[in-house]
Amino acid sequence: MSNSLSTRNRKSTMAQQPKTRLSASTPRLDVAHLAKTYGSGGKARTVIEDLTFTVDAGEVVCIVGPSGVGKTTLLKCLAGLQPATSGRAAIDGRTISGPPPEMALVFQDYNRSLMPWLTVRKNLVLPLRHLKLSAAELRERCDGALAAVGLSHADNQYPWQLSGGMQQRVAIARALAYRPEILIMDEPFASVDAQTRFDLEDLCLKIRRDFNMTILVVTHDIDEAVYLADRVVVLGSRPARVLKVVDVDLPGPRDQITTRSLPEFARQRTEVLSLIKRPA
Amino acid sequence: MKASVRPYAFSVVGVACALAIWQVLAEAKIAGNALPPATTVFSTLATILGTGTFWSSLGATIGIALLALALAAVAGVAIGLLVGSFESVKYATLAVLEFLKPVPPIVILPLAVLVLGPTAEMSLFLVVFGCLLPIVMQTVDGVQGTDPVARDTARSYGMGEGEILARVVLPSAMPYIGTAMRVAAPAALVVTVVAGLLGGGPGLGQNIYQAQAAGDYASLYGLVIVLGVLGLLFQGVTRLAERRVLHWHESYREAVPR
């Protein structure tokens, strides 16, 4: 399945620039001095001051920071939904100027992001229509994505007939069916109960393993960030800036019980927590 | 739980009481000859139902109301999507639309008769005029009520503006449009009849006018009863259609066992 992921099938909506060869030194996602200010003059409100970090291919990076730090604003800039005020975000060296075709976004509010008038399968099909795929490929992509999140049985149900955790799995399946190379998740597990949360975290790691996907997760849960990530980008607030990028050195494959009981896990989460707690 | 109230049984009792009161008041000549007894009206109605003119009038009324409703729905939703989607269009048209909205169709009836004559086109125009604006305004509200997260989701997947309008915004606005249609359907019938009654357009309105002019009150009330039943039918059908189209909406969802 990971092979088919590399078959790109959309014309790029990115700024026209010469195709840069991927070298080992080019990060998948490159955020450099990104800033976002809403309004202008006396009413100007700077949400993001100067963000710089990178995400390498196949990495899971978590962005943590206090609530209201502007994480959602950052994701909207990365997803090409709104332009940055200055600085830039780039995929493989190409500046993001519109929704990048190799990226899919999973929102926190699954019940607002999934269309209630469409069945689970039709929700998966909706963003694929403009790709003009064959019926066979559409079916194959949807079947594969639903199987990957364990919801093959629910394809004819409506999202509102499912539990919160299942709905978020539908949203993840929709992203998988789009076959992105980069998956961005905005507090994806914040609205589900603790047990479901653990399951979804493991699903996230499984997706990275099975699909060799680059994943960026925004979360306010420090334990979750350390558990999921290869690296944690710690943000300071008002306006947002990078306090530190913490390399997480935990042995894989990770497991909810053994990984979380490692002394190293405790050390890492303490490091991140003290960065956030420390008055800036 | 055992149902303690049988809705249909009580409805029948209510209707029977109303008819009985009507009969007693009419027999007592409370309004002179202007209110014939229920029995007379129903026997006259039975005769009317046997005539070809009645059925062609009924057909004309239903045809005009439905055609106008369909035209108003298509045009109203299209205009509403346009007005709701573009700020510039919205500000350019909102003042005019808000001004026209409270104008009842009967006010422009003389003008319509003057220009189009006592024709089916005149009736059609009046009904479209009466139904269009509420549908436009509701559609605009629906467009603007579209969840920004749903829009962002569609945009993030590279869906084009036209596709988002058709596949995300329009379905989101359907509950609003459904409400507008539920109000517009009976209104379409009323305006069709008024156009016949006062403007001479074809249909049951014209028959009622003729019955009134001839002093044939039994026929007049017979036709009014037909209109009442027709109104109920229109309302029932729109409700049913709304329930089918919006089965996914919170207000129509069936409880699902988890």
# chains A, B, ... in the order shown; residues from 1 in each chain; ligands from 1
>>> interface_residues(of="chain B", to="chain A", cutoff="8 Å", atoms="only C-alpha atoms", output="PyMOL selection string")
chain B and resi 147+149-150+152-159+168+171+246+248-249+256+258
>>> select_by_dssp(residues="stretch 13-51 of chain B", states="alpha helix (DSSP H)", output="ChimeraX atom specification")
/B:13-27,38-49
>>> write_last_selection(atoms="N, CA and C atoms", output="PDB file, in the first residue's frame")
ATOM      1  N   VAL B  13     -63.421  13.511  16.450  1.00  0.00           N
ATOM      2  CA  VAL B  13     -64.380  14.140  17.353  1.00  0.00           C
ATOM      3  C   VAL B  13     -64.389  15.659  17.129  1.00  0.00           C
ATOM      4  N   GLY B  14     -63.195  16.248  16.976  1.00  0.00           N
ATOM      5  CA  GLY B  14     -63.085  17.701  16.770  1.00  0.00           C
ATOM      6  C   GLY B  14     -63.788  18.134  15.498  1.00  0.00           C
ATOM      7  N   VAL B  15     -63.547  17.403  14.407  1.00  0.00           N
ATOM      8  CA  VAL B  15     -64.156  17.746  13.117  1.00  0.00           C
ATOM      9  C   VAL B  15     -65.675  17.608  13.202  1.00  0.00           C
ATOM     10  N   ALA B  16     -66.116  16.522  13.843  1.00  0.00           N
ATOM     11  CA  ALA B  16     -67.552  16.285  13.973  1.00  0.00           C
ATOM     12  C   ALA B  16     -68.219  17.419  14.749  1.00  0.00           C
ATOM     13  N   CYS B  17     -67.563  17.866  15.827  1.00  0.00           N
ATOM     14  CA  CYS B  17     -68.107  18.965  16.626  1.00  0.00           C
ATOM     15  C   CYS B  17     -68.230  20.233  15.787  1.00  0.00           C
ATOM     16  N   ALA B  18     -67.172  20.543  15.030  1.00  0.00           N
ATOM     17  CA  ALA B  18     -67.163  21.751  14.213  1.00  0.00           C
ATOM     18  C   ALA B  18     -68.307  21.720  13.206  1.00  0.00           C
ATOM     19  N   LEU B  19     -68.494  20.544  12.564  1.00  0.00           N
ATOM     20  CA  LEU B  19     -69.571  20.404  11.582  1.00  0.00           C
ATOM     21  C   LEU B  19     -70.937  20.559  12.255  1.00  0.00           C
ATOM     22  N   ALA B  20     -71.066  19.988  13.461  1.00  0.00           N
ATOM     23  CA  ALA B  20     -72.344  20.067  14.188  1.00  0.00           C
ATOM     24  C   ALA B  20     -72.665  21.519  14.531  1.00  0.00           C
ATOM     25  N   ILE B  21     -71.661  22.261  15.000  1.00  0.00           N
ATOM     26  CA  ILE B  21     -71.869  23.676  15.342  1.00  0.00           C
ATOM     27  C   ILE B  21     -72.309  24.450  14.103  1.00  0.00           C
ATOM     28  N   TRP B  22     -71.592  24.169  12.980  1.00  0.00           N
ATOM     29  CA  TRP B  22     -71.924  24.807  11.707  1.00  0.00           C
ATOM     30  C   TRP B  22     -73.409  24.544  11.370  1.00  0.00           C
ATOM     31  N   GLN B  23     -73.796  23.258  11.462  1.00  0.00           N
ATOM     32  CA  GLN B  23     -75.157  22.867  11.090  1.00  0.00           C
ATOM     33  C   GLN B  23     -76.194  23.615  11.944  1.00  0.00           C
ATOM     34  N   VAL B  24     -75.940  23.638  13.257  1.00  0.00           N
ATOM     35  CA  VAL B  24     -76.893  24.264  14.185  1.00  0.00           C
ATOM     36  C   VAL B  24     -77.016  25.766  13.895  1.00  0.00           C
ATOM     37  N   LEU B  25     -75.832  26.425  13.737  1.00  0.00           N
ATOM     38  CA  LEU B  25     -75.840  27.870  13.485  1.00  0.00           C
ATOM     39  C   LEU B  25     -76.544  28.193  12.168  1.00  0.00           C
ATOM     40  N   ALA B  26     -76.304  27.380  11.141  1.00  0.00           N
ATOM     41  CA  ALA B  26     -76.897  27.633   9.833  1.00  0.00           C
ATOM     42  C   ALA B  26     -78.413  27.418   9.880  1.00  0.00           C
ATOM     43  N   GLU B  27     -78.848  26.342  10.580  1.00  0.00           N
ATOM     44  CA  GLU B  27     -80.277  26.063  10.709  1.00  0.00           C
ATOM     45  C   GLU B  27     -80.968  27.203  11.452  1.00  0.00           C
ATOM     46  N   ALA B  38     -74.392  22.707   6.624  1.00  0.00           N
ATOM     47  CA  ALA B  38     -73.327  21.804   6.176  1.00  0.00           C
ATOM     48  C   ALA B  38     -73.874  20.739   5.229  1.00  0.00           C
ATOM     49  N   THR B  39     -75.046  20.218   5.550  1.00  0.00           N
ATOM     50  CA  THR B  39     -75.616  19.137   4.722  1.00  0.00           C
ATOM     51  C   THR B  39     -75.854  19.623   3.287  1.00  0.00           C
ATOM     52  N   THR B  40     -76.387  20.838   3.161  1.00  0.00           N
ATOM     53  CA  THR B  40     -76.633  21.401   1.839  1.00  0.00           C
ATOM     54  C   THR B  40     -75.318  21.576   1.081  1.00  0.00           C
ATOM     55  N   VAL B  41     -74.325  22.128   1.795  1.00  0.00           N
ATOM     56  CA  VAL B  41     -73.018  22.387   1.167  1.00  0.00           C
ATOM     57  C   VAL B  41     -72.420  21.076   0.654  1.00  0.00           C
ATOM     58  N   PHE B  42     -72.489  20.025   1.480  1.00  0.00           N
ATOM     59  CA  PHE B  42     -71.843  18.775   1.058  1.00  0.00           C
ATOM     60  C   PHE B  42     -72.583  18.114  -0.096  1.00  0.00           C
ATOM     61  N   SER B  43     -73.893  18.252  -0.118  1.00  0.00           N
ATOM     62  CA  SER B  43     -74.620  17.636  -1.248  1.00  0.00           C
ATOM     63  C   SER B  43     -74.342  18.431  -2.525  1.00  0.00           C
ATOM     64  N   THR B  44     -74.229  19.774  -2.407  1.00  0.00           N
ATOM     65  CA  THR B  44     -73.868  20.585  -3.569  1.00  0.00           C
ATOM     66  C   THR B  44     -72.457  20.226  -4.046  1.00  0.00           C
ATOM     67  N   LEU B  45     -71.564  20.043  -3.052  1.00  0.00           N
ATOM     68  CA  LEU B  45     -70.179  19.685  -3.373  1.00  0.00           C
ATOM     69  C   LEU B  45     -70.140  18.384  -4.167  1.00  0.00           C
ATOM     70  N   ALA B  46     -70.983  17.424  -3.770  1.00  0.00           N
ATOM     71  CA  ALA B  46     -71.029  16.131  -4.475  1.00  0.00           C
ATOM     72  C   ALA B  46     -71.407  16.343  -5.939  1.00  0.00           C
ATOM     73  N   THR B  47     -72.353  17.275  -6.178  1.00  0.00           N
ATOM     74  CA  THR B  47     -72.750  17.574  -7.561  1.00  0.00           C
ATOM     75  C   THR B  47     -71.592  18.215  -8.318  1.00  0.00           C
ATOM     76  N   ILE B  48     -70.927  19.185  -7.642  1.00  0.00           N
ATOM     77  CA  ILE B  48     -69.803  19.883  -8.281  1.00  0.00           C
ATOM     78  C   ILE B  48     -68.715  18.878  -8.685  1.00  0.00           C
ATOM     79  N   LEU B  49     -68.449  17.927  -7.792  1.00  0.00           N
ATOM     80  CA  LEU B  49     -67.387  16.943  -8.065  1.00  0.00           C
ATOM     81  C   LEU B  49     -67.674  16.129  -9.314  1.00  0.00           C
TER      82      LEU B  49
END
>>> residues_around(residues="B:Pro134", least_positions_apart="6", cutoff="8 Å", atoms="only C-alpha atoms", output="PyMOL selection string")
chain B and resi 101+180+184
>>> write_last_selection(atoms="N, CA and C atoms", output="JSON list (two decimals), in the first residue's frame")
[["chain", "number", "residue", "atom", "x", "y", "z"],
["B", 101, "LYS", "N", -39.52, 42.33, 0.49],
["B", 101, "LYS", "CA", -39.99, 41.15, 1.21],
["B", 101, "LYS", "C", -41.38, 41.33, 1.84],
["B", 180, "ALA", "N", -38.26, 27.16, 4.30],
["B", 180, "ALA", "CA", -38.84, 28.13, 3.38],
["B", 180, "ALA", "C", -39.89, 27.46, 2.50],
["B", 184, "ALA", "N", -43.76, 28.18, 1.97],
["B", 184, "ALA", "CA", -44.13, 28.68, 0.64],
["B", 184, "ALA", "C", -45.23, 27.83, -0.01]]
>>> atom_distance(atom1="atom CA of A:Arg88", atom2="atom CA of A:Glu59")
20.4 Å
>>> select_by_dssp(residues="stretch 2-159 of chain A", states="strand (DSSP E or B)", output="short mmCIF file (atom, residue, chain, number, x, y, z; two decimals) with N, CA and C atoms, in the first residue's frame")
data_model
loop_
_atom_site.label_atom_id
_atom_site.label_comp_id
_atom_site.auth_asym_id
_atom_site.auth_seq_id
_atom_site.Cartn_x
_atom_site.Cartn_y
_atom_site.Cartn_z
N LEU A 29 8.94 19.23 5.42
CA LEU A 29 8.18 20.44 5.72
C LEU A 29 9.14 21.42 6.39
N ASP A 30 9.20 22.61 5.84
CA ASP A 30 10.15 23.59 6.33
C ASP A 30 9.42 24.88 6.68
N VAL A 31 9.40 25.21 7.95
CA VAL A 31 8.75 26.45 8.40
C VAL A 31 9.85 27.40 8.81
N ALA A 32 9.94 28.54 8.13
CA ALA A 32 11.05 29.47 8.39
C ALA A 32 10.53 30.87 8.68
N HIS A 33 10.78 31.33 9.89
CA HIS A 33 10.42 32.69 10.32
C HIS A 33 8.97 33.04 10.00
N LEU A 34 8.11 32.06 10.16
CA LEU A 34 6.70 32.28 9.84
C LEU A 34 6.07 33.22 10.86
N ALA A 35 5.33 34.21 10.37
CA ALA A 35 4.64 35.14 11.25
C ALA A 35 3.24 35.38 10.73
N LYS A 36 2.30 35.60 11.65
CA LYS A 36 0.93 35.89 11.22
C LYS A 36 0.36 36.99 12.10
N THR A 37 -0.05 38.06 11.47
CA THR A 37 -0.67 39.17 12.17
C THR A 37 -2.05 39.39 11.58
N TYR A 38 -3.06 39.45 12.44
CA TYR A 38 -4.41 39.76 11.95
C TYR A 38 -4.65 41.25 12.08
N ARG A 45 -3.03 42.43 15.57
CA ARG A 45 -2.81 41.46 16.64
C ARG A 45 -1.90 40.37 16.09
N THR A 46 -0.71 40.31 16.63
CA THR A 46 0.25 39.32 16.16
C THR A 46 0.03 38.02 16.91
N VAL A 47 -0.35 36.99 16.18
CA VAL A 47 -0.63 35.69 16.81
C VAL A 47 0.64 34.83 16.79
N ILE A 48 1.33 34.88 15.65
CA ILE A 48 2.58 34.13 15.54
C ILE A 48 3.69 35.12 15.23
N GLU A 49 4.73 35.10 16.03
CA GLU A 49 5.78 36.10 15.86
C GLU A 49 6.87 35.62 14.91
N ASP A 50 7.43 34.46 15.20
CA ASP A 50 8.57 34.01 14.41
C ASP A 50 8.76 32.52 14.68
N LEU A 51 8.19 31.70 13.80
CA LEU A 51 8.27 30.25 14.02
C LEU A 51 9.22 29.64 13.01
N THR A 52 10.17 28.86 13.52
CA THR A 52 11.07 28.13 12.64
C THR A 52 11.21 26.70 13.15
N PHE A 53 10.85 25.75 12.33
CA PHE A 53 11.10 24.34 12.64
C PHE A 53 10.97 23.54 11.37
N THR A 54 11.44 22.31 11.39
CA THR A 54 11.34 21.46 10.21
C THR A 54 10.76 20.10 10.59
N VAL A 55 10.19 19.43 9.61
CA VAL A 55 9.74 18.06 9.80
C VAL A 55 10.35 17.23 8.69
N VAL A 60 7.26 11.76 12.97
CA VAL A 60 6.08 12.28 13.66
C VAL A 60 6.57 13.42 14.54
N VAL A 61 6.06 14.62 14.28
CA VAL A 61 6.43 15.78 15.09
C VAL A 61 5.18 16.30 15.78
N CYS A 62 5.29 16.56 17.08
CA CYS A 62 4.16 17.13 17.80
C CYS A 62 4.47 18.56 18.16
N ILE A 63 3.48 19.41 18.04
CA ILE A 63 3.61 20.79 18.46
C ILE A 63 2.79 20.95 19.73
N VAL A 64 3.44 21.31 20.82
CA VAL A 64 2.69 21.54 22.06
C VAL A 64 2.87 22.99 22.50
N SER A 86 4.46 37.04 7.12
CA SER A 86 5.83 37.04 6.62
C SER A 86 6.47 35.71 6.92
N GLY A 87 7.67 35.49 6.40
CA GLY A 87 8.30 34.19 6.51
C GLY A 87 7.61 33.23 5.56
N ARG A 88 7.96 31.94 5.65
CA ARG A 88 7.30 31.02 4.73
C ARG A 88 7.25 29.61 5.28
N ALA A 89 6.32 28.84 4.71
CA ALA A 89 6.25 27.42 4.97
C ALA A 89 6.40 26.74 3.62
N ALA A 90 7.20 25.68 3.56
CA ALA A 90 7.45 25.05 2.28
C ALA A 90 7.40 23.53 2.42
N ILE A 91 6.94 22.89 1.35
CA ILE A 91 7.00 21.43 1.27
C ILE A 91 8.04 21.09 0.21
N ARG A 94 9.20 23.91 -1.86
CA ARG A 94 8.26 24.74 -2.60
C ARG A 94 7.34 25.45 -1.63
N THR A 95 7.27 26.77 -1.75
CA THR A 95 6.47 27.56 -0.82
C THR A 95 4.98 27.19 -0.94
N MET A 103 -1.00 16.98 1.02
CA MET A 103 -1.25 17.12 2.44
C MET A 103 -2.73 16.89 2.75
N ALA A 104 -3.00 16.25 3.89
CA ALA A 104 -4.39 16.13 4.35
C ALA A 104 -4.46 16.59 5.79
N LEU A 105 -5.60 17.14 6.13
CA LEU A 105 -5.79 17.77 7.44
C LEU A 105 -6.88 17.01 8.20
N VAL A 106 -6.62 16.73 9.49
CA VAL A 106 -7.66 16.15 10.35
C VAL A 106 -7.97 17.17 11.44
#
>>> residues_around(residues="A:Val120", least_positions_apart="3", cutoff="7 Å", atoms="only C-alpha atoms", output="PyMOL selection string")
chain A and resi 123-124+154-159+170
